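Below is one structure, written out as structure tokens, with a few remarks after it.
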Amino acid sequence: MSWISALADLQQRGEPCVLVTIIEERGSTPRNAGSKMVVTAERIFETIGGGHLEYKAMEIARQMLESRSQDTRLERFSLGASLGQCCGGATVLLFEPMGQPQAHIAVFGAGHVGRALVPILASLPCKVHWIDSRENEFPEQIPAGVEKVVNEEVIDEIAAMPKGSYFIVMTHNHQLDLELTAEILKRNDFAYFGLIGSKTKRVKFEHRLRERGFANETVQRMRCPMGIQEVKGKLPVEIAISIAGEVVATYNANFGQEVKKGETVAKLVPSSRREQA
């Protein structure tokens with residue numbers, strides 16, 4: 001796969017990588033200026049000439065990935081005995097982090113509000129997992145960046161989500177909502193969890209969750225009713241806008257903070273907009 005195809009594929013899947021480019025060459029070098037290589041945590045695409053130079057470039061790129069660095073970096077290498085290469089020239093490499101980790105949002109329910117909400121979420125730089133057991137509830141056209149998941153056991157999809165995910169529960173069945181809620185709270189490593197419903201529904205769910213042994217501080221992490229309260233209205237699109245606004249607001253309030261063990265809250269808005277806020 002070419003480096004440009006690899007970048008496009010990695011961006012689509014939300015996998016971070018580092019683009020390594022030879023920007024200067026002096027003397028004898030294995031590849032010319034402009035040669036590129038894409039490095040992920042486990043793979044490389046294309047080459048900058050092989051040998052110890054490429055090994056060192058991969059090592060630096062993966063250190064950047066591990067530290068989640070978003071700063072570009074320049075490194076100069078002499079292709080002599082120190083690198084075990086006999087070219088004798090010198091080269092300068094540019095390291096550019098690409099594809100910052102995307103937010104993963106699981107939306108349970110393909111009803112009216114789900115069909116209004118998912119296209120809004122899909123317009124953000126995030127990966128949406130749209131989950132329901134009913135194939136016929138999904139629209140014919142699924143927005144780009146959205147993974148449609150049809151599973152009779154929708155609860156199984158919770159374990160497949162990464163740490164720091166956003167969970168939105170709005171199914172057609174209150175008992176299913178309760179079981180999903182219990183599994184999500186059991187994980188307790190999410191960035192956001194919203195449950196559609198009224199204050200009365202929340203009171204009933206809180207009582208049942210405490211009967212199951214959930215601590216009060218864990219239950220309080222559940223947003224129900226969810227959405228920005230100032231956004232009034234009962235139309236599906238009005239509810240969807242309210243929920244989407246709360247998801248973005250949750251990210252903005254926690255940007256850069258750790259969720260668990262070094263996992264940062266994933267980005268939902270471009271840097272320029274965050275800096276202007």
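The way I read the labels, and the way they are meant: chains A, B, ... in the order of the structure tokens, residue 1 as the first residue of every chain, and ligand 1 as the first ligand shown, with later ones counted on from there.
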Query raised in the report: Skipping near chain neighbours, those fewer than 5 positions away, what residues fall within 7 Å of stretch 141-148 of chain A using only C-alpha atoms, listed as a PyMOL selection string?
Result: chain A and resi 119+122+127-131
Go through stretch 115-142 of chain A and flag each residue having an atom no more than 10 Å from stretch 150-153 of chain A; for those, report the closest pair of atoms plus their distance in Å to one decimal, using only C-alpha atoms, ordered by chain and rising number, as CSV.
residue,atom,partner,partner_atom,distance
A:Trp130,CA,A:Val150,CA,8.5
A:Ile131,CA,A:Val150,CA,6.0
A:Asp132,CA,A:Val150,CA,5.4
A:Ser133,CA,A:Glu152,CA,4.6
A:Arg134,CA,A:Val150,CA,6.7
A:Glu135,CA,A:Val150,CA,6.1
A:Asn136,CA,A:Val150,CA,9.8
A:Phe138,CA,A:Val150,CA,9.3
**Report entry** Atomic distance atom CA of A:Glu217 - atom CA of A:Val247, expressed in Å with one decimal
**Finding:**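 Interatomic distance, atom CA of A:Glu217 to atom CA of A:Val247: 20.2 Å.
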Report task. Could you jot down the atom CA of A:Lys163 to atom CA of A:Asp189 separation for me, Å, one decimal place? Result -> 5.7 Å
For A:Ala57, work out the shell of residues within 12 Å, counting only C-alpha atoms and skipping chain neighbours fewer than 5 positions away, then give it as a PDB file with N, CA, C and O atoms, in the first residue's frame.
ATOM      1  N   VAL A  18       2.512   8.210  12.326  1.00  0.00           N
ATOM      2  CA  VAL A  18       3.482   9.281  12.102  1.00  0.00           C
ATOM      3  C   VAL A  18       3.963   9.185  10.662  1.00  0.00           C
ATOM      4  O   VAL A  18       4.364   8.107  10.207  1.00  0.00           O
ATOM      5  N   LEU A  19       3.917  10.313   9.961  1.00  0.00           N
ATOM      6  CA  LEU A  19       4.427  10.390   8.596  1.00  0.00           C
ATOM      7  C   LEU A  19       5.881  10.858   8.655  1.00  0.00           C
ATOM      8  O   LEU A  19       6.175  11.932   9.180  1.00  0.00           O
ATOM      9  N   VAL A  20       6.798  10.027   8.135  1.00  0.00           N
ATOM     10  CA  VAL A  20       8.231  10.333   8.142  1.00  0.00           C
ATOM     11  C   VAL A  20       8.649  10.701   6.719  1.00  0.00           C
ATOM     12  O   VAL A  20       8.413   9.935   5.783  1.00  0.00           O
ATOM     13  N   THR A  21       9.266  11.876   6.565  1.00  0.00           N
ATOM     14  CA  THR A  21       9.655  12.367   5.238  1.00  0.00           C
ATOM     15  C   THR A  21      11.123  12.768   5.225  1.00  0.00           C
ATOM     16  O   THR A  21      11.595  13.449   6.143  1.00  0.00           O
ATOM     17  N   ILE A  22      11.845  12.352   4.189  1.00  0.00           N
ATOM     18  CA  ILE A  22      13.210  12.834   3.987  1.00  0.00           C
ATOM     19  C   ILE A  22      13.103  14.231   3.379  1.00  0.00           C
ATOM     20  O   ILE A  22      12.610  14.393   2.266  1.00  0.00           O
ATOM     21  N   LYS A  36       8.860   9.017   1.585  1.00  0.00           N
ATOM     22  CA  LYS A  36       8.028   9.011   2.776  1.00  0.00           C
ATOM     23  C   LYS A  36       7.796   7.594   3.282  1.00  0.00           C
ATOM     24  O   LYS A  36       7.833   6.633   2.520  1.00  0.00           O
ATOM     25  N   MET A  37       7.479   7.531   4.577  1.00  0.00           N
ATOM     26  CA  MET A  37       7.137   6.268   5.246  1.00  0.00           C
ATOM     27  C   MET A  37       6.087   6.576   6.309  1.00  0.00           C
ATOM     28  O   MET A  37       6.185   7.589   7.011  1.00  0.00           O
ATOM     29  N   VAL A  38       5.092   5.729   6.408  1.00  0.00           N
ATOM     30  CA  VAL A  38       4.058   5.869   7.433  1.00  0.00           C
ATOM     31  C   VAL A  38       4.290   4.805   8.501  1.00  0.00           C
ATOM     32  O   VAL A  38       4.420   3.618   8.178  1.00  0.00           O
ATOM     33  N   VAL A  39       4.330   5.246   9.756  1.00  0.00           N
ATOM     34  CA  VAL A  39       4.603   4.335  10.867  1.00  0.00           C
ATOM     35  C   VAL A  39       3.415   4.322  11.821  1.00  0.00           C
ATOM     36  O   VAL A  39       2.954   5.375  12.274  1.00  0.00           O
ATOM     37  N   THR A  40       2.902   3.127  12.126  1.00  0.00           N
ATOM     38  CA  THR A  40       1.891   2.958  13.169  1.00  0.00           C
ATOM     39  C   THR A  40       2.532   2.201  14.325  1.00  0.00           C
ATOM     40  O   THR A  40       3.714   1.861  14.280  1.00  0.00           O
ATOM     41  N   ILE A  44       4.508  -0.593   9.198  1.00  0.00           N
ATOM     42  CA  ILE A  44       5.041   0.513   8.414  1.00  0.00           C
ATOM     43  C   ILE A  44       4.556   0.369   6.978  1.00  0.00           C
ATOM     44  O   ILE A  44       4.270  -0.738   6.512  1.00  0.00           O
ATOM     45  N   THR A  47       8.977   3.033   2.456  1.00  0.00           N
ATOM     46  CA  THR A  47      10.305   2.924   3.060  1.00  0.00           C
ATOM     47  C   THR A  47      11.086   4.207   2.827  1.00  0.00           C
ATOM     48  O   THR A  47      10.830   4.927   1.850  1.00  0.00           O
ATOM     49  N   ILE A  48      12.024   4.482   3.719  1.00  0.00           N
ATOM     50  CA  ILE A  48      12.944   5.608   3.514  1.00  0.00           C
ATOM     51  C   ILE A  48      14.359   5.081   3.258  1.00  0.00           C
ATOM     52  O   ILE A  48      15.332   5.809   3.399  1.00  0.00           O
ATOM     53  N   GLY A  49      14.446   3.785   2.929  1.00  0.00           N
ATOM     54  CA  GLY A  49      15.734   3.237   2.531  1.00  0.00           C
ATOM     55  C   GLY A  49      16.210   2.027   3.287  1.00  0.00           C
ATOM     56  O   GLY A  49      17.232   1.438   2.950  1.00  0.00           O
ATOM     57  N   GLY A  50      15.472   1.653   4.324  1.00  0.00           N
ATOM     58  CA  GLY A  50      15.853   0.466   5.068  1.00  0.00           C
ATOM     59  C   GLY A  50      17.045   0.703   5.975  1.00  0.00           C
ATOM     60  O   GLY A  50      17.458   1.830   6.247  1.00  0.00           O
ATOM     61  N   GLY A  51      17.603  -0.389   6.470  1.00  0.00           N
ATOM     62  CA  GLY A  51      18.785  -0.308   7.312  1.00  0.00           C
ATOM     63  C   GLY A  51      18.518   0.312   8.671  1.00  0.00           C
ATOM     64  O   GLY A  51      17.372   0.467   9.108  1.00  0.00           O
ATOM     65  N   HIS A  52      19.612   0.708   9.331  1.00  0.00           N
ATOM     66  CA  HIS A  52      19.499   1.223  10.690  1.00  0.00           C
ATOM     67  C   HIS A  52      18.836   2.597  10.712  1.00  0.00           C
ATOM     68  O   HIS A  52      18.203   2.973  11.711  1.00  0.00           O
ATOM     69  N   ARG A  62       7.477   5.686  16.951  1.00  0.00           N
ATOM     70  CA  ARG A  62       6.671   4.927  17.915  1.00  0.00           C
ATOM     71  C   ARG A  62       6.773   5.507  19.323  1.00  0.00           C
ATOM     72  O   ARG A  62       5.823   5.403  20.112  1.00  0.00           O
ATOM     73  N   GLN A  63       7.901   6.135  19.629  1.00  0.00           N
ATOM     74  CA  GLN A  63       7.980   6.857  20.895  1.00  0.00           C
ATOM     75  C   GLN A  63       7.005   8.033  20.899  1.00  0.00           C
ATOM     76  O   GLN A  63       6.359   8.312  21.909  1.00  0.00           O
ATOM     77  N   MET A  64       6.884   8.704  19.757  1.00  0.00           N
ATOM     78  CA  MET A  64       5.931   9.810  19.631  1.00  0.00           C
ATOM     79  C   MET A  64       4.498   9.313  19.771  1.00  0.00           C
ATOM     80  O   MET A  64       3.662   9.966  20.415  1.00  0.00           O
ATOM     81  N   ARG A  73       8.674  17.070  14.392  1.00  0.00           N
ATOM     82  CA  ARG A  73      10.034  16.897  14.901  1.00  0.00           C
ATOM     83  C   ARG A  73      10.997  16.730  13.732  1.00  0.00           C
ATOM     84  O   ARG A  73      10.689  16.059  12.746  1.00  0.00           O
ATOM     85  N   LEU A  74      12.168  17.360  13.835  1.00  0.00           N
ATOM     86  CA  LEU A  74      13.222  17.218  12.827  1.00  0.00           C
ATOM     87  C   LEU A  74      14.408  16.493  13.450  1.00  0.00           C
ATOM     88  O   LEU A  74      14.807  16.793  14.575  1.00  0.00           O
ATOM     89  N   GLU A  75      14.966  15.547  12.705  1.00  0.00           N
ATOM     90  CA  GLU A  75      16.133  14.814  13.176  1.00  0.00           C
ATOM     91  C   GLU A  75      17.138  14.686  12.024  1.00  0.00           C
ATOM     92  O   GLU A  75      16.769  14.341  10.900  1.00  0.00           O
ATOM     93  N   ARG A  76      18.428  14.951  12.324  1.00  0.00           N
ATOM     94  CA  ARG A  76      19.481  14.813  11.325  1.00  0.00           C
ATOM     95  C   ARG A  76      20.300  13.558  11.621  1.00  0.00           C
ATOM     96  O   ARG A  76      20.643  13.291  12.766  1.00  0.00           O
ATOM     97  N   PHE A  77      20.587  12.790  10.582  1.00  0.00           N
ATOM     98  CA  PHE A  77      21.338  11.543  10.743  1.00  0.00           C
ATOM     99  C   PHE A  77      22.532  11.539   9.791  1.00  0.00           C
ATOM    100  O   PHE A  77      22.400  11.876   8.605  1.00  0.00           O
ATOM    101  N   LEU A  83      25.526   4.566  12.359  1.00  0.00           N
ATOM    102  CA  LEU A  83      24.269   3.924  11.978  1.00  0.00           C
ATOM    103  C   LEU A  83      24.501   2.600  11.263  1.00  0.00           C
ATOM    104  O   LEU A  83      23.556   1.959  10.821  1.00  0.00           O
ATOM    105  N   THR A  91      21.218  12.857   6.109  1.00  0.00           N
ATOM    106  CA  THR A  91      19.813  13.089   5.766  1.00  0.00           C
ATOM    107  C   THR A  91      19.085  13.720   6.944  1.00  0.00           C
ATOM    108  O   THR A  91      19.450  13.508   8.103  1.00  0.00           O
ATOM    109  N   VAL A  92      18.075  14.507   6.635  1.00  0.00           N
ATOM    110  CA  VAL A  92      17.230  15.123   7.653  1.00  0.00           C
ATOM    111  C   VAL A  92      15.819  14.577   7.479  1.00  0.00           C
ATOM    112  O   VAL A  92      15.266  14.581   6.365  1.00  0.00           O
ATOM    113  N   LEU A  93      15.249  14.096   8.585  1.00  0.00           N
ATOM    114  CA  LEU A  93      13.908  13.510   8.558  1.00  0.00           C
ATOM    115  C   LEU A  93      12.925  14.409   9.299  1.00  0.00           C
ATOM    116  O   LEU A  93      13.240  14.954  10.360  1.00  0.00           O
ATOM    117  N   LEU A  94      11.739  14.532   8.730  1.00  0.00           N
ATOM    118  CA  LEU A  94      10.631  15.246   9.364  1.00  0.00           C
ATOM    119  C   LEU A  94       9.623  14.221   9.856  1.00  0.00           C
ATOM    120  O   LEU A  94       9.174  13.360   9.094  1.00  0.00           O
ATOM    121  N   PHE A  95       9.256  14.320  11.134  1.00  0.00           N
ATOM    122  CA  PHE A  95       8.271  13.427  11.743  1.00  0.00           C
ATOM    123  C   PHE A  95       6.990  14.221  12.000  1.00  0.00           C
ATOM    124  O   PHE A  95       7.000  15.203  12.754  1.00  0.00           O
ATOM    125  N   GLU A  96       5.877  13.784  11.397  1.00  0.00           N
ATOM    126  CA  GLU A  96       4.604  14.486  11.531  1.00  0.00           C
ATOM    127  C   GLU A  96       3.534  13.544  12.090  1.00  0.00           C
ATOM    128  O   GLU A  96       3.132  12.595  11.408  1.00  0.00           O
TER     129      GLU A  96
END
**Report entry** Surrounding residues of stretch 195-211 of chain A excluding itself and chain neighbours under 3 positions, 12 Å, only C-alpha atoms, as a PyMOL selection string
**Finding:** chain A and resi 106-109+111+113-114+166-186+192+214-227+229+234+236+239-240+242-243
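Here atom CA of A:Gly233 stands at a distance of 21.4 Å from atom CA of A:Phe193.
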Query - Contacts of A:Ala33 within 7 Å, only C-alpha atoms, excl. fewer than 6 positions in-chain, as a ChimeraX atom specification - result: /A:22-25
Requested in this report: Please provide as a PyMOL selection string all residues within 10 Å of A:Arg13, with the sequence filter that same-chain residues fewer than 5 positions apart are discarded (counting only C-alpha atoms).
Outcome: chain A and resi 7-8+99+101-102+126-127+145
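Among the candidates A:Ala110, A:His104, A:Arg187, A:Ser35, the residue lying nearest to A:Pro162 is A:His104 (atoms considered: only C-alpha atoms).
Residues of stretch 26-75 of chain A that DSSP, applied to the backbone, places in strand (DSSP E or B): Arg26, Lys36, Met37, Val38, Val39, Ile44, Phe45, Glu46, Arg73, Leu74 and Glu75 of chain A.
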Store the residues picked out above in a file with all heavy atoms, as an mmCIF file, in the first residue's frame.
data_model
loop_
_atom_site.group_PDB
_atom_site.id
_atom_site.type_symbol
_atom_site.label_atom_id
_atom_site.label_comp_id
_atom_site.auth_asym_id
_atom_site.auth_seq_id
_atom_site.Cartn_x
_atom_site.Cartn_y
_atom_site.Cartn_z
ATOM 1 N N ARG A 26 22.255 14.865 1.677
ATOM 2 C CA ARG A 26 23.586 15.346 1.336
ATOM 3 C C ARG A 26 24.495 14.142 1.119
ATOM 4 O O ARG A 26 24.532 13.237 1.948
ATOM 5 C CB ARG A 26 24.147 16.236 2.442
ATOM 6 C CG ARG A 26 23.420 17.563 2.593
ATOM 7 C CD ARG A 26 24.091 18.464 3.595
ATOM 8 N NE ARG A 26 23.389 19.729 3.720
ATOM 9 C CZ ARG A 26 23.760 20.716 4.533
ATOM 10 N NH1 ARG A 26 24.845 20.565 5.291
ATOM 11 N NH2 ARG A 26 23.066 21.833 4.592
ATOM 12 N N LYS A 36 8.860 9.017 1.585
ATOM 13 C CA LYS A 36 8.028 9.011 2.776
ATOM 14 C C LYS A 36 7.796 7.594 3.282
ATOM 15 O O LYS A 36 7.833 6.633 2.520
ATOM 16 C CB LYS A 36 6.670 9.678 2.498
ATOM 17 C CG LYS A 36 6.776 11.145 2.105
ATOM 18 C CD LYS A 36 5.403 11.731 1.811
ATOM 19 C CE LYS A 36 5.501 13.170 1.328
ATOM 20 N NZ LYS A 36 5.934 14.077 2.409
ATOM 21 N N MET A 37 7.479 7.531 4.577
ATOM 22 C CA MET A 37 7.137 6.268 5.246
ATOM 23 C C MET A 37 6.087 6.576 6.309
ATOM 24 O O MET A 37 6.185 7.589 7.011
ATOM 25 C CB MET A 37 8.385 5.655 5.886
ATOM 26 C CG MET A 37 8.126 4.395 6.726
ATOM 27 S SD MET A 37 9.676 3.669 7.348
ATOM 28 C CE MET A 37 10.168 4.903 8.572
ATOM 29 N N VAL A 38 5.092 5.729 6.408
ATOM 30 C CA VAL A 38 4.058 5.869 7.433
ATOM 31 C C VAL A 38 4.290 4.805 8.501
ATOM 32 O O VAL A 38 4.420 3.618 8.178
ATOM 33 C CB VAL A 38 2.645 5.720 6.832
ATOM 34 C CG1 VAL A 38 1.580 5.774 7.928
ATOM 35 C CG2 VAL A 38 2.396 6.816 5.793
ATOM 36 N N VAL A 39 4.330 5.246 9.756
ATOM 37 C CA VAL A 39 4.603 4.335 10.867
ATOM 38 C C VAL A 39 3.415 4.322 11.821
ATOM 39 O O VAL A 39 2.954 5.375 12.274
ATOM 40 C CB VAL A 39 5.869 4.770 11.640
ATOM 41 C CG1 VAL A 39 6.161 3.787 12.776
ATOM 42 C CG2 VAL A 39 7.065 4.877 10.703
ATOM 43 N N ILE A 44 4.508 -0.593 9.198
ATOM 44 C CA ILE A 44 5.041 0.513 8.414
ATOM 45 C C ILE A 44 4.556 0.369 6.978
ATOM 46 O O ILE A 44 4.270 -0.738 6.512
ATOM 47 C CB ILE A 44 6.588 0.575 8.446
ATOM 48 C CG1 ILE A 44 7.201 -0.664 7.784
ATOM 49 C CG2 ILE A 44 7.107 0.771 9.853
ATOM 50 C CD1 ILE A 44 8.696 -0.511 7.529
ATOM 51 N N PHE A 45 4.441 1.508 6.288
ATOM 52 C CA PHE A 45 4.048 1.531 4.883
ATOM 53 C C PHE A 45 5.075 2.349 4.124
ATOM 54 O O PHE A 45 5.447 3.444 4.558
ATOM 55 C CB PHE A 45 2.653 2.145 4.726
ATOM 56 C CG PHE A 45 1.585 1.420 5.487
ATOM 57 C CD1 PHE A 45 1.293 1.782 6.803
ATOM 58 C CD2 PHE A 45 0.881 0.371 4.922
ATOM 59 C CE1 PHE A 45 0.308 1.126 7.522
ATOM 60 C CE2 PHE A 45 -0.114 -0.296 5.635
ATOM 61 C CZ PHE A 45 -0.388 0.075 6.945
ATOM 62 N N GLU A 46 5.551 1.847 2.993
ATOM 63 C CA GLU A 46 6.625 2.451 2.200
ATOM 64 C C GLU A 46 7.947 2.365 2.970
ATOM 65 O O GLU A 46 8.039 1.720 4.016
ATOM 66 C CB GLU A 46 6.285 3.895 1.823
ATOM 67 C CG GLU A 46 5.131 4.005 0.834
ATOM 68 C CD GLU A 46 5.535 3.722 -0.617
ATOM 69 O OE1 GLU A 46 6.629 3.154 -0.853
ATOM 70 O OE2 GLU A 46 4.761 4.081 -1.515
ATOM 71 N N ARG A 73 8.674 17.070 14.392
ATOM 72 C CA ARG A 73 10.034 16.897 14.901
ATOM 73 C C ARG A 73 10.997 16.730 13.732
ATOM 74 O O ARG A 73 10.689 16.059 12.746
ATOM 75 C CB ARG A 73 10.052 15.661 15.805
ATOM 76 C CG ARG A 73 11.389 15.301 16.421
ATOM 77 C CD ARG A 73 11.182 14.210 17.458
ATOM 78 N NE ARG A 73 12.444 13.650 17.933
ATOM 79 C CZ ARG A 73 12.527 12.720 18.889
ATOM 80 N NH1 ARG A 73 11.429 12.275 19.463
ATOM 81 N NH2 ARG A 73 13.705 12.247 19.262
ATOM 82 N N LEU A 74 12.168 17.360 13.835
ATOM 83 C CA LEU A 74 13.222 17.218 12.827
ATOM 84 C C LEU A 74 14.408 16.493 13.450
ATOM 85 O O LEU A 74 14.807 16.793 14.575
ATOM 86 C CB LEU A 74 13.686 18.590 12.325
ATOM 87 C CG LEU A 74 12.788 19.337 11.332
ATOM 88 C CD1 LEU A 74 13.346 20.730 11.086
ATOM 89 C CD2 LEU A 74 12.662 18.581 10.023
ATOM 90 N N GLU A 75 14.966 15.547 12.705
ATOM 91 C CA GLU A 75 16.133 14.814 13.176
ATOM 92 C C GLU A 75 17.138 14.686 12.024
ATOM 93 O O GLU A 75 16.769 14.341 10.900
ATOM 94 C CB GLU A 75 15.750 13.411 13.666
ATOM 95 C CG GLU A 75 14.890 13.405 14.923
ATOM 96 C CD GLU A 75 15.686 13.711 16.180
ATOM 97 O OE1 GLU A 75 16.935 13.663 16.122
ATOM 98 O OE2 GLU A 75 15.052 13.992 17.214
#
Query raised in the report: as an NGL selection string, which residues of stretch 31-75 of chain A does DSSP assign to alpha helix (DSSP H)?
Result: :A and (51-67)
